[in-house]
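What follows is one structure encoded as structure tokens, with my remarks underneath.
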Amino acid sequence: MKKWLYALAALVVLLLLGVVALTQLVDTDRVKRLLVEQTREKTGRTLVIEGDLSWRFFPSVGFTLGKTSLLNPPGFEQGATLSVGEVSLDVALKPLLDNRLEVGQAVLSNARLHLITHKDGSTNLDDLRNLGQKSAEPQTAPAPDAQASEAGPKRELQFVSLAGIKVTDAEVLLQDERSDTLTRLNRVNISLDQFAPGQEVPLTLSGNLFSDEVQASINTSGTLWLAPEYDRLRLDNLTLNAGVTGRAVPGNKALTLSGNLAYDMTIKQAGFTNVTMSAGSLTLDGELQVDHGPEIPEIRFNLHTPLLDLEQLSAEWSSEQGGSDSATTSTDNASAKLPPSVAASEPDLSILNKLDVQGTLAADLLNVQGMEMQGVSLEVKVQDGKATASDINASLYQGSLQGEVSLNANSNPASFMLNTQLQNVNGFELLNDAAGIDSLEGRASVALNVAGRGLTERAIKQSLTGTSRVEFADGALRGVNIAAMIRRGYAQVKGLPVPNDNEPQKTDFSALTADFDIGKGKVSTQNLNLASPLLRVKGEGETSLLDSTLDVLFSTAIVGTLKGQDGESLDELKNITVPLRVSGTYQQPRYTLDMQQVFDLYLKEKASKEAERVKRKLNEKIGGELGDKINEKLPGLFDKLGL
């Protein structure tokens, strides 16, 4: 028994001595030179190893390599594509006997990746990616006679797995010469478990992002799949949480994103499916594709949101307001009813020249300028400094909307166009919510075609030009009873007691139509027509967009039987056009009946009727012998008098 123990002890001592001898006798500098030579042979790149190489032999073979850098390829600026402060790697011993390479966890500390993209779209990683693709190509089998000449079958070392990758305190620089931008990620930490190409493995990542427009802290996790050819990857069940701020993101915003990401490194295209993302009050779901190969990244999407509140978003993303406090203030002051695009100064729209966006957007509910729309859908396109929303469809106020809107940021100030049609909407609710106007009701159809320059409130009102067609059916003018005003005016003219003003202040109509011309800060019409069982009203006039004042003259004709006090008919006014002037503002119109003109018309009508009666009596008296005698004495007199 003792012999066996002595033998075992001797074997252990021999192994320890062998390990010590190996660590002492192995020329680590030679190994480093070999790594440099192999890197140059395989990639054409220069590998610089400044740190020491140390070995481990138990429980697995491994090494730690100090500061190492892989320099940029020819054609790029001097410097390193990748540098690592320290690399630690283990290899399992037993699988090596079967020519199987099972690598333990690879640890990279203080790594730095500098990705450069030239103006032609080439990058300093293209040669490495092409190298990976070539190595993945199937090799042509040697001829049978060549195989037979070999001493034995060639046993190649087969890569099996990597237990994991751990990156600590890394930095990534993305330098794009096409857009002259530099994006930096620092304090990057990555943990990747049980990594092997073609297999799904858990991944976690965190870091900080810095760019000219955005700064963010990022935490993400998911399941990574990398193609054996190293040209495609997937991140399934991706979850991302970020705190974002910067010039493009006023205040501090919390961004969340979940879904599945697929990325093709060859064509530089990322595709998101089953996406759910939120930023502030906005939540979106659907699909998104980003192609960053071209100089201007191409973004394509098909997205949906349960609620799109433009006032709230405008408050949240306003560079002047920013933050949640300003959003509350904007909501409290919503009675101003200004569109969300209206600003105190012209906004900077230069970002539209850096976007290539196209897609569809749907919203269950849209809030804009105090109005609510349901089932909204539209096509969005942003390209070459122009933004358009076409094929707009929505349901609102028991009716429908179709239209399109465009914005051109290439002019200074920006120009815009709006072409929309409203069909059979509740006119009272629409006008009240959109502009605080409560003086008109009925089923409305509106066609609006306008254009303008400038996005400030005053610029929009001053530059707006175009036309509009308005049609109301089965409605009423609220705040005025035209028939009652005529009755009171008639009573004053006749010297009768003025009726009590206790009737509903409302004028019903069966139809109201008008064509409007818009320009020079005013909206004018020459053919406003209102029809009711008692009245026919024609109007003309204008309103100022700058101060909301009204100056409209209605010419009112009585076509039905209008009853006065005690029910007597006012037939005397049946052929008289009564003028009614509208002044004041949209929200508070004032109606004035021109009593002097009514009186003058009444007297003129009365005088005309009296003259007709005298003429008739005179004709009766002079129609006999007296007439014959006068005609004999004064021939032609009756003709001169028109009798």
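Ligands are numbered from 1 in the order shown, residues from 1 within each chain, and chains are lettered A, B, ... in the order they appear in the structure tokens.
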
Which residues are close to Val523 of chain A, i.e. within 10 Å by only C-alpha atoms, leaving aside same-chain residues fewer than 2 positions away? Reply as a compact mmCIF listing (two decimals) with all heavy atoms, in the first residue's frame.
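Output (selection33.txt):
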```txt
# COMPACT_ATOMS: atom_id res chain seq x y z
N LEU A 464 -51.81 82.57 -44.64
CA LEU A 464 -52.76 81.55 -45.07
C LEU A 464 -53.55 82.01 -46.30
O LEU A 464 -54.13 83.09 -46.32
CB LEU A 464 -53.72 81.23 -43.93
CG LEU A 464 -54.46 79.89 -44.00
CD1 LEU A 464 -53.48 78.74 -43.89
CD2 LEU A 464 -55.50 79.80 -42.88
N THR A 465 -53.54 81.18 -47.34
CA THR A 465 -54.32 81.46 -48.55
C THR A 465 -55.02 80.18 -48.99
O THR A 465 -54.52 79.08 -48.77
CB THR A 465 -53.42 81.96 -49.70
OG1 THR A 465 -52.44 80.96 -50.00
CG2 THR A 465 -52.73 83.26 -49.33
N GLY A 466 -56.19 80.36 -49.64
CA GLY A 466 -56.90 79.19 -50.15
C GLY A 466 -58.39 79.42 -50.17
O GLY A 466 -58.88 80.57 -50.14
N THR A 467 -59.12 78.33 -50.22
CA THR A 467 -60.58 78.40 -50.31
C THR A 467 -61.20 77.37 -49.37
O THR A 467 -60.54 76.42 -48.94
CB THR A 467 -61.06 78.11 -51.74
OG1 THR A 467 -60.61 76.80 -52.13
CG2 THR A 467 -60.53 79.15 -52.72
N SER A 468 -62.48 77.59 -49.09
CA SER A 468 -63.22 76.65 -48.26
C SER A 468 -64.68 76.67 -48.68
O SER A 468 -65.22 77.72 -49.06
CB SER A 468 -63.09 77.02 -46.78
OG SER A 468 -63.85 76.13 -45.98
N ASP A 515 -69.24 79.87 -49.66
CA ASP A 515 -67.89 79.70 -50.20
C ASP A 515 -67.02 80.81 -49.63
O ASP A 515 -67.42 81.98 -49.63
CB ASP A 515 -67.89 79.76 -51.73
CG ASP A 515 -68.59 78.57 -52.35
OD1 ASP A 515 -68.14 77.44 -52.10
OD2 ASP A 515 -69.59 78.77 -53.05
N PHE A 516 -65.83 80.43 -49.16
CA PHE A 516 -64.95 81.40 -48.52
C PHE A 516 -63.64 81.51 -49.29
O PHE A 516 -63.09 80.51 -49.75
CB PHE A 516 -64.65 80.98 -47.07
CG PHE A 516 -65.85 81.02 -46.16
CD1 PHE A 516 -66.56 79.86 -45.90
CD2 PHE A 516 -66.26 82.21 -45.59
CE1 PHE A 516 -67.66 79.88 -45.07
CE2 PHE A 516 -67.36 82.25 -44.75
CZ PHE A 516 -68.07 81.09 -44.49
N ASP A 517 -63.14 82.74 -49.39
CA ASP A 517 -61.80 83.01 -49.89
C ASP A 517 -60.93 83.42 -48.70
O ASP A 517 -61.33 84.25 -47.88
CB ASP A 517 -61.82 84.14 -50.93
CG ASP A 517 -62.50 83.71 -52.22
OD1 ASP A 517 -62.28 82.56 -52.64
OD2 ASP A 517 -63.26 84.52 -52.78
N ILE A 518 -59.73 82.85 -48.64
CA ILE A 518 -58.85 83.06 -47.50
C ILE A 518 -57.56 83.71 -48.00
O ILE A 518 -56.94 83.22 -48.94
CB ILE A 518 -58.53 81.73 -46.79
CG1 ILE A 518 -59.82 81.03 -46.38
CG2 ILE A 518 -57.64 81.96 -45.58
CD1 ILE A 518 -59.62 79.61 -45.90
N GLY A 519 -57.18 84.82 -47.39
CA GLY A 519 -55.95 85.50 -47.78
C GLY A 519 -55.79 86.82 -47.06
O GLY A 519 -56.77 87.43 -46.60
N LYS A 520 -54.53 87.26 -46.91
CA LYS A 520 -54.19 88.53 -46.28
C LYS A 520 -54.76 88.64 -44.87
O LYS A 520 -55.19 89.70 -44.42
CB LYS A 520 -54.68 89.70 -47.13
CG LYS A 520 -54.03 89.75 -48.51
CD LYS A 520 -54.53 90.94 -49.31
CE LYS A 520 -53.85 90.97 -50.68
NZ LYS A 520 -54.31 92.13 -51.51
N GLY A 521 -54.78 87.52 -44.17
CA GLY A 521 -55.24 87.54 -42.79
C GLY A 521 -56.73 87.61 -42.63
O GLY A 521 -57.22 87.84 -41.52
N THR A 525 -66.57 86.10 -47.76
CA THR A 525 -67.57 85.39 -48.56
C THR A 525 -68.50 86.39 -49.23
O THR A 525 -68.77 87.47 -48.68
CB THR A 525 -68.38 84.41 -47.70
OG1 THR A 525 -69.32 83.72 -48.54
CG2 THR A 525 -69.14 85.13 -46.59
N GLY A 541 -69.48 89.37 -46.43
CA GLY A 541 -68.66 90.05 -45.44
C GLY A 541 -67.36 89.31 -45.22
O GLY A 541 -66.96 88.45 -46.02
N GLU A 542 -66.70 89.62 -44.12
CA GLU A 542 -65.40 89.03 -43.85
C GLU A 542 -65.15 88.94 -42.36
O GLU A 542 -65.85 89.56 -41.54
CB GLU A 542 -64.29 89.86 -44.51
CG GLU A 542 -64.16 91.27 -43.95
CD GLU A 542 -63.11 92.07 -44.68
OE1 GLU A 542 -62.85 91.78 -45.86
OE2 GLU A 542 -62.56 93.01 -44.05
N THR A 543 -64.15 88.15 -42.03
CA THR A 543 -63.69 88.03 -40.65
C THR A 543 -62.17 88.09 -40.65
O THR A 543 -61.52 87.64 -41.60
CB THR A 543 -64.18 86.71 -40.02
OG1 THR A 543 -63.62 86.58 -38.72
CG2 THR A 543 -63.74 85.52 -40.84
N SER A 544 -61.61 88.65 -39.60
CA SER A 544 -60.16 88.78 -39.47
C SER A 544 -59.60 87.60 -38.69
O SER A 544 -60.05 87.31 -37.58
CB SER A 544 -59.80 90.09 -38.78
OG SER A 544 -58.42 90.14 -38.49
N LEU A 545 -58.61 86.92 -39.26
CA LEU A 545 -57.94 85.84 -38.55
C LEU A 545 -57.04 86.36 -37.44
O LEU A 545 -56.75 85.65 -36.48
CB LEU A 545 -57.12 85.00 -39.53
CG LEU A 545 -57.89 84.21 -40.57
CD1 LEU A 545 -56.92 83.57 -41.56
CD2 LEU A 545 -58.76 83.16 -39.92
N LEU A 550 -65.63 90.06 -36.62
CA LEU A 550 -66.60 89.74 -37.66
C LEU A 550 -67.18 91.03 -38.25
O LEU A 550 -67.41 92.01 -37.53
CB LEU A 550 -67.75 88.91 -37.09
CG LEU A 550 -67.42 87.48 -36.62
CD1 LEU A 550 -68.54 86.96 -35.74
CD2 LEU A 550 -67.22 86.57 -37.82
```

- Write out as a PyMOL selection string the residues lying within 9 Å of Pro504 of chain A, counting only C-alpha atoms and excluding same-chain residues fewer than 2 positions away. chain A and resi 479-481+501-502+506-507

- Message: At a cut-off of 6 Å, using only C-alpha atoms, what residues contact segment 440-446 of chain A? Leave out same-chain residues fewer than 6 positions from it and give the result as a PyMOL selection string.
- Response: chain A and resi 421-428+469-478

Same residues, N, CA, C and O atoms, output as a PDB file, in the first residue's frame:
```pdb
ATOM      1  N   GLN A 421     -61.304  67.202 -46.098  1.00  0.00           N
ATOM      2  CA  GLN A 421     -62.753  67.194 -46.271  1.00  0.00           C
ATOM      3  C   GLN A 421     -63.397  66.559 -45.047  1.00  0.00           C
ATOM      4  O   GLN A 421     -63.003  65.459 -44.629  1.00  0.00           O
ATOM      5  N   LEU A 422     -64.366  67.265 -44.490  1.00  0.00           N
ATOM      6  CA  LEU A 422     -65.186  66.750 -43.397  1.00  0.00           C
ATOM      7  C   LEU A 422     -66.561  66.435 -43.948  1.00  0.00           C
ATOM      8  O   LEU A 422     -67.142  67.241 -44.679  1.00  0.00           O
ATOM      9  N   GLN A 423     -67.102  65.283 -43.569  1.00  0.00           N
ATOM     10  CA  GLN A 423     -68.395  64.860 -44.085  1.00  0.00           C
ATOM     11  C   GLN A 423     -69.351  64.557 -42.935  1.00  0.00           C
ATOM     12  O   GLN A 423     -69.051  63.729 -42.075  1.00  0.00           O
ATOM     13  N   ASN A 424     -70.489  65.287 -42.938  1.00  0.00           N
ATOM     14  CA  ASN A 424     -71.618  64.968 -42.059  1.00  0.00           C
ATOM     15  C   ASN A 424     -71.220  64.902 -40.582  1.00  0.00           C
ATOM     16  O   ASN A 424     -71.615  63.994 -39.849  1.00  0.00           O
ATOM     17  N   VAL A 425     -70.439  65.880 -40.127  1.00  0.00           N
ATOM     18  CA  VAL A 425     -70.039  65.912 -38.722  1.00  0.00           C
ATOM     19  C   VAL A 425     -71.022  66.751 -37.917  1.00  0.00           C
ATOM     20  O   VAL A 425     -71.814  67.532 -38.468  1.00  0.00           O
ATOM     21  N   ASN A 426     -70.988  66.587 -36.607  1.00  0.00           N
ATOM     22  CA  ASN A 426     -71.754  67.435 -35.710  1.00  0.00           C
ATOM     23  C   ASN A 426     -71.042  68.772 -35.617  1.00  0.00           C
ATOM     24  O   ASN A 426     -70.050  68.917 -34.922  1.00  0.00           O
ATOM     25  N   GLY A 427     -71.572  69.769 -36.342  1.00  0.00           N
ATOM     26  CA  GLY A 427     -70.885  71.041 -36.461  1.00  0.00           C
ATOM     27  C   GLY A 427     -70.731  71.781 -35.150  1.00  0.00           C
ATOM     28  O   GLY A 427     -69.703  72.420 -34.903  1.00  0.00           O
ATOM     29  N   PHE A 428     -71.736  71.697 -34.274  1.00  0.00           N
ATOM     30  CA  PHE A 428     -71.662  72.417 -33.003  1.00  0.00           C
ATOM     31  C   PHE A 428     -70.534  71.870 -32.134  1.00  0.00           C
ATOM     32  O   PHE A 428     -69.718  72.627 -31.607  1.00  0.00           O
ATOM     33  N   ARG A 469     -65.309  75.515 -48.609  1.00  0.00           N
ATOM     34  CA  ARG A 469     -66.739  75.373 -48.884  1.00  0.00           C
ATOM     35  C   ARG A 469     -67.394  74.782 -47.645  1.00  0.00           C
ATOM     36  O   ARG A 469     -66.946  73.741 -47.127  1.00  0.00           O
ATOM     37  N   VAL A 470     -68.431  75.456 -47.134  1.00  0.00           N
ATOM     38  CA  VAL A 470     -69.100  75.033 -45.910  1.00  0.00           C
ATOM     39  C   VAL A 470     -70.571  74.782 -46.208  1.00  0.00           C
ATOM     40  O   VAL A 470     -71.236  75.618 -46.840  1.00  0.00           O
ATOM     41  N   GLU A 471     -71.080  73.643 -45.729  1.00  0.00           N
ATOM     42  CA  GLU A 471     -72.494  73.304 -45.885  1.00  0.00           C
ATOM     43  C   GLU A 471     -73.025  72.768 -44.562  1.00  0.00           C
ATOM     44  O   GLU A 471     -72.491  71.802 -44.023  1.00  0.00           O
ATOM     45  N   PHE A 472     -74.080  73.431 -44.041  1.00  0.00           N
ATOM     46  CA  PHE A 472     -74.766  72.971 -42.842  1.00  0.00           C
ATOM     47  C   PHE A 472     -76.194  72.582 -43.217  1.00  0.00           C
ATOM     48  O   PHE A 472     -76.843  73.259 -44.019  1.00  0.00           O
ATOM     49  N   ALA A 473     -76.688  71.520 -42.603  1.00  0.00           N
ATOM     50  CA  ALA A 473     -78.061  71.075 -42.846  1.00  0.00           C
ATOM     51  C   ALA A 473     -78.782  70.892 -41.520  1.00  0.00           C
ATOM     52  O   ALA A 473     -78.193  70.415 -40.541  1.00  0.00           O
ATOM     53  N   ASP A 474     -80.090  71.290 -41.510  1.00  0.00           N
ATOM     54  CA  ASP A 474     -80.950  71.076 -40.338  1.00  0.00           C
ATOM     55  C   ASP A 474     -80.287  71.583 -39.069  1.00  0.00           C
ATOM     56  O   ASP A 474     -80.098  70.854 -38.091  1.00  0.00           O
ATOM     57  N   GLY A 475     -79.935  72.862 -39.088  1.00  0.00           N
ATOM     58  CA  GLY A 475     -79.231  73.436 -37.956  1.00  0.00           C
ATOM     59  C   GLY A 475     -79.878  74.701 -37.458  1.00  0.00           C
ATOM     60  O   GLY A 475     -81.070  74.957 -37.671  1.00  0.00           O
ATOM     61  N   ALA A 476     -79.080  75.506 -36.777  1.00  0.00           N
ATOM     62  CA  ALA A 476     -79.588  76.744 -36.193  1.00  0.00           C
ATOM     63  C   ALA A 476     -78.439  77.685 -35.897  1.00  0.00           C
ATOM     64  O   ALA A 476     -77.312  77.260 -35.611  1.00  0.00           O
ATOM     65  N   LEU A 477     -78.755  79.008 -35.988  1.00  0.00           N
ATOM     66  CA  LEU A 477     -77.874  80.036 -35.468  1.00  0.00           C
ATOM     67  C   LEU A 477     -78.242  80.254 -34.012  1.00  0.00           C
ATOM     68  O   LEU A 477     -79.388  80.590 -33.699  1.00  0.00           O
ATOM     69  N   ARG A 478     -77.305  80.042 -33.124  1.00  0.00           N
ATOM     70  CA  ARG A 478     -77.569  80.207 -31.707  1.00  0.00           C
ATOM     71  C   ARG A 478     -77.180  81.618 -31.277  1.00  0.00           C
ATOM     72  O   ARG A 478     -76.246  82.205 -31.787  1.00  0.00           O
TER      73      ARG A 478
END
```

- Tell me, as a PyMOL selection string, which residues lie within 6 Å of Leu366 of chain A, counting only C-alpha atoms; anything in the same chain fewer than 3 positions away does not count. chain A and resi 307-309+372-373

Include N, CA and C atoms and write out the residues we just selected as a PDB file, in the first residue's frame.
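Ended up saving to out.pdb:
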```pdb
ATOM      1  N   LEU A 307     -53.424  55.990 -28.039  1.00  0.00           N
ATOM      2  CA  LEU A 307     -53.737  57.411 -27.843  1.00  0.00           C
ATOM      3  C   LEU A 307     -52.599  58.256 -28.384  1.00  0.00           C
ATOM      4  N   LEU A 308     -52.959  59.223 -29.240  1.00  0.00           N
ATOM      5  CA  LEU A 308     -52.000  60.189 -29.759  1.00  0.00           C
ATOM      6  C   LEU A 308     -52.519  61.573 -29.388  1.00  0.00           C
ATOM      7  N   ASP A 309     -51.963  62.130 -28.324  1.00  0.00           N
ATOM      8  CA  ASP A 309     -52.375  63.438 -27.815  1.00  0.00           C
ATOM      9  C   ASP A 309     -51.317  64.455 -28.219  1.00  0.00           C
ATOM     10  N   GLU A 372     -61.329  65.519 -30.844  1.00  0.00           N
ATOM     11  CA  GLU A 372     -61.106  64.089 -30.684  1.00  0.00           C
ATOM     12  C   GLU A 372     -61.471  63.361 -31.972  1.00  0.00           C
ATOM     13  N   MET A 373     -60.575  62.487 -32.413  1.00  0.00           N
ATOM     14  CA  MET A 373     -60.814  61.670 -33.602  1.00  0.00           C
ATOM     15  C   MET A 373     -60.602  60.210 -33.238  1.00  0.00           C
TER      16      MET A 373
END
```

Write out as a compact mmCIF listing (two decimals) with N, CA and C atoms, in the first residue's frame all residues of segment 253-493 of chain A that backbone DSSP assigns to alpha helix (DSSP H).
```
# COMPACT_ATOMS: atom_id res chain seq x y z
N LEU A 310 -51.58 65.20 -29.30
CA LEU A 310 -50.57 66.10 -29.85
C LEU A 310 -50.29 67.27 -28.92
N GLU A 311 -51.31 67.76 -28.21
CA GLU A 311 -51.06 68.85 -27.27
C GLU A 311 -50.12 68.39 -26.15
N GLN A 312 -50.39 67.21 -25.62
CA GLN A 312 -49.55 66.68 -24.54
C GLN A 312 -48.12 66.43 -25.03
N LEU A 313 -48.00 65.84 -26.22
CA LEU A 313 -46.67 65.58 -26.77
C LEU A 313 -45.92 66.88 -27.06
N SER A 314 -46.65 67.87 -27.58
CA SER A 314 -46.02 69.15 -27.85
C SER A 314 -45.48 69.78 -26.58
N ALA A 315 -46.23 69.65 -25.49
CA ALA A 315 -45.77 70.20 -24.21
C ALA A 315 -44.57 69.43 -23.69
N GLU A 316 -44.62 68.10 -23.82
CA GLU A 316 -43.53 67.26 -23.31
C GLU A 316 -42.23 67.46 -24.07
N GLY A 323 -40.05 68.89 -19.76
CA GLY A 323 -40.32 68.38 -18.42
C GLY A 323 -41.79 68.21 -18.16
N SER A 324 -42.09 67.49 -17.09
CA SER A 324 -43.45 67.17 -16.75
C SER A 324 -44.21 68.36 -16.24
N ASP A 325 -43.53 69.31 -15.55
CA ASP A 325 -44.23 70.46 -15.02
C ASP A 325 -44.82 71.30 -16.13
N SER A 326 -44.05 71.49 -17.21
CA SER A 326 -44.55 72.27 -18.32
C SER A 326 -45.69 71.58 -19.01
N ALA A 327 -45.67 70.25 -19.02
CA ALA A 327 -46.78 69.53 -19.64
C ALA A 327 -48.07 69.80 -18.91
N THR A 328 -48.01 69.86 -17.57
CA THR A 328 -49.21 70.15 -16.80
C THR A 328 -49.70 71.55 -17.09
N THR A 329 -48.76 72.52 -17.19
CA THR A 329 -49.15 73.89 -17.47
C THR A 329 -49.84 73.99 -18.81
N SER A 330 -49.31 73.29 -19.82
CA SER A 330 -49.91 73.34 -21.14
C SER A 330 -51.31 72.78 -21.11
N THR A 331 -51.54 71.71 -20.38
CA THR A 331 -52.86 71.12 -20.31
C THR A 331 -53.85 72.06 -19.65
N ASP A 332 -53.38 72.74 -18.58
CA ASP A 332 -54.26 73.66 -17.88
C ASP A 332 -54.65 74.84 -18.76
N GLY A 427 -71.57 69.77 -36.34
CA GLY A 427 -70.88 71.04 -36.46
C GLY A 427 -70.73 71.78 -35.15
N PHE A 428 -71.74 71.70 -34.27
CA PHE A 428 -71.66 72.42 -33.00
C PHE A 428 -70.53 71.87 -32.13
N GLU A 429 -70.47 70.55 -31.98
CA GLU A 429 -69.42 69.96 -31.15
C GLU A 429 -68.04 70.22 -31.74
N LEU A 430 -67.92 70.12 -33.05
CA LEU A 430 -66.63 70.33 -33.70
C LEU A 430 -66.13 71.76 -33.49
N LEU A 431 -66.98 72.77 -33.77
CA LEU A 431 -66.57 74.16 -33.65
C LEU A 431 -66.32 74.54 -32.20
N ASN A 432 -67.12 73.99 -31.30
CA ASN A 432 -66.95 74.32 -29.89
C ASN A 432 -65.63 73.77 -29.35
N ASP A 433 -65.30 72.51 -29.70
CA ASP A 433 -64.06 71.92 -29.22
C ASP A 433 -62.84 72.51 -29.89
N ALA A 434 -62.95 72.82 -31.20
CA ALA A 434 -61.79 73.28 -31.95
C ALA A 434 -61.48 74.75 -31.72
N ALA A 435 -62.52 75.58 -31.60
CA ALA A 435 -62.29 77.02 -31.54
C ALA A 435 -63.13 77.74 -30.50
N GLU A 457 -47.81 81.40 -34.78
CA GLU A 457 -49.25 81.71 -34.85
C GLU A 457 -49.53 82.86 -35.79
N ARG A 458 -48.78 83.95 -35.67
CA ARG A 458 -49.04 85.11 -36.51
C ARG A 458 -48.70 84.84 -37.97
N ALA A 459 -47.59 84.12 -38.21
CA ALA A 459 -47.20 83.82 -39.59
C ALA A 459 -48.26 82.97 -40.29
N ILE A 460 -48.82 82.01 -39.58
CA ILE A 460 -49.86 81.17 -40.17
C ILE A 460 -51.07 82.01 -40.55
N LYS A 461 -51.51 82.88 -39.65
CA LYS A 461 -52.71 83.67 -39.92
C LYS A 461 -52.48 84.68 -41.04
N GLN A 462 -51.28 85.26 -41.11
CA GLN A 462 -51.02 86.27 -42.13
C GLN A 462 -50.81 85.66 -43.51
N SER A 463 -50.18 84.49 -43.57
CA SER A 463 -49.81 83.93 -44.87
C SER A 463 -50.85 82.97 -45.44
N ILE A 482 -83.77 85.79 -35.45
CA ILE A 482 -83.96 86.81 -36.47
C ILE A 482 -85.43 87.17 -36.62
N ALA A 483 -86.31 86.18 -36.58
CA ALA A 483 -87.74 86.46 -36.70
C ALA A 483 -88.22 87.36 -35.57
N ALA A 484 -87.76 87.08 -34.34
CA ALA A 484 -88.17 87.91 -33.20
C ALA A 484 -87.62 89.32 -33.33
N MET A 485 -86.39 89.47 -33.83
CA MET A 485 -85.83 90.80 -34.03
C MET A 485 -86.65 91.59 -35.04
N ILE A 486 -87.12 90.93 -36.10
CA ILE A 486 -87.94 91.62 -37.10
C ILE A 486 -89.28 92.02 -36.49
N ARG A 487 -89.86 91.15 -35.67
CA ARG A 487 -91.14 91.50 -35.02
C ARG A 487 -90.98 92.74 -34.15
N ARG A 488 -89.91 92.78 -33.37
CA ARG A 488 -89.70 93.94 -32.51
C ARG A 488 -89.44 95.20 -33.34
N GLY A 489 -88.67 95.07 -34.41
CA GLY A 489 -88.42 96.21 -35.28
C GLY A 489 -89.70 96.70 -35.94
N TYR A 490 -90.55 95.76 -36.36
CA TYR A 490 -91.82 96.12 -36.98
C TYR A 490 -92.70 96.86 -35.99
N ALA A 491 -92.71 96.36 -34.75
CA ALA A 491 -93.54 97.02 -33.73
C ALA A 491 -93.06 98.44 -33.47
N GLN A 492 -91.74 98.64 -33.45
CA GLN A 492 -91.22 99.98 -33.24
C GLN A 492 -91.60 100.91 -34.38
N VAL A 493 -91.52 100.43 -35.60
CA VAL A 493 -91.87 101.23 -36.77
C VAL A 493 -93.35 101.59 -36.76
```

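From atom CA of Asn408 of chain A back to atom CA of Lys354 of chain A, the distance works out to 13.6 Å.
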
- Item | Atomic distance atom CA of Leu34 of chain A - atom CA of Trp55 of chain A, expressed in Å with one decimal |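 Atom-to-atom, atom CA of Leu34 of chain A and atom CA of Trp55 of chain A are spaced 15.8 Å apart.
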
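Computed from the coordinates, the atom CA of Val244 of chain A to atom CA of Thr283 of chain A distance equals 15.9 Å.
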
- All residues 10 Å or closer to Gly359 of chain A, only C-alpha atoms, same chain fewer than 2 positions away omitted, as a PyMOL selection string: chain A and resi 287-289+299-303+357+361+378-382+389

Just N, CA, C and O atoms for this one: save the residues we selected as a compact mmCIF listing (two decimals), in the first residue's frame.
```txt
# COMPACT_ATOMS: atom_id res chain seq x y z
N GLU A 287 -44.22 47.25 -36.07
CA GLU A 287 -42.98 46.80 -36.69
C GLU A 287 -42.16 48.01 -37.15
O GLU A 287 -42.72 49.04 -37.53
N LEU A 288 -40.85 47.85 -37.12
CA LEU A 288 -39.93 48.94 -37.45
C LEU A 288 -38.70 48.36 -38.12
O LEU A 288 -38.18 47.34 -37.69
N GLN A 289 -38.23 49.04 -39.18
CA GLN A 289 -37.02 48.61 -39.88
C GLN A 289 -36.11 49.80 -40.09
O GLN A 289 -36.56 50.87 -40.52
N ILE A 299 -35.71 54.63 -42.48
CA ILE A 299 -36.58 54.11 -41.44
C ILE A 299 -37.93 53.79 -42.06
O ILE A 299 -38.55 54.65 -42.68
N ARG A 300 -38.37 52.56 -41.90
CA ARG A 300 -39.67 52.12 -42.39
C ARG A 300 -40.46 51.53 -41.22
O ARG A 300 -39.89 50.83 -40.38
N PHE A 301 -41.76 51.80 -41.17
CA PHE A 301 -42.50 51.35 -39.99
C PHE A 301 -43.98 51.11 -40.31
O PHE A 301 -44.52 51.61 -41.31
N ASN A 302 -44.57 50.34 -39.44
CA ASN A 302 -46.02 50.13 -39.42
C ASN A 302 -46.40 50.09 -37.95
O ASN A 302 -46.26 49.06 -37.29
N LEU A 303 -46.87 51.22 -37.42
CA LEU A 303 -47.03 51.37 -35.99
C LEU A 303 -48.47 51.75 -35.62
O LEU A 303 -49.21 52.31 -36.43
N VAL A 357 -37.82 58.68 -43.81
CA VAL A 357 -38.82 57.94 -43.03
C VAL A 357 -40.05 57.70 -43.90
O VAL A 357 -40.50 58.59 -44.63
N LEU A 361 -49.18 54.88 -39.81
CA LEU A 361 -49.45 55.09 -38.39
C LEU A 361 -50.95 55.03 -38.17
O LEU A 361 -51.72 55.63 -38.93
N LEU A 378 -52.98 57.01 -41.33
CA LEU A 378 -52.33 57.90 -42.28
C LEU A 378 -51.01 57.32 -42.73
O LEU A 378 -50.42 56.47 -42.06
N GLU A 379 -50.57 57.79 -43.90
CA GLU A 379 -49.26 57.44 -44.45
C GLU A 379 -48.30 58.61 -44.18
O GLU A 379 -48.62 59.76 -44.48
N VAL A 380 -47.14 58.30 -43.61
CA VAL A 380 -46.16 59.32 -43.25
C VAL A 380 -44.92 59.16 -44.13
O VAL A 380 -44.45 58.05 -44.36
N LYS A 381 -44.39 60.30 -44.59
CA LYS A 381 -43.16 60.27 -45.38
C LYS A 381 -42.33 61.50 -45.04
O LYS A 381 -42.84 62.63 -45.06
N VAL A 382 -41.06 61.29 -44.73
CA VAL A 382 -40.11 62.37 -44.48
C VAL A 382 -38.88 62.11 -45.34
O VAL A 382 -38.22 61.08 -45.19
N ALA A 389 -48.13 63.88 -44.65
CA ALA A 389 -49.07 62.91 -44.09
C ALA A 389 -50.22 62.80 -45.08
O ALA A 389 -50.97 63.76 -45.27
```

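When only C-alpha atoms are used to compute distances to Ser221 of chain A, the closest of the residues A:Ala196, A:Met417, A:Met371, A:Ile190 turns out to be A:Ile190.
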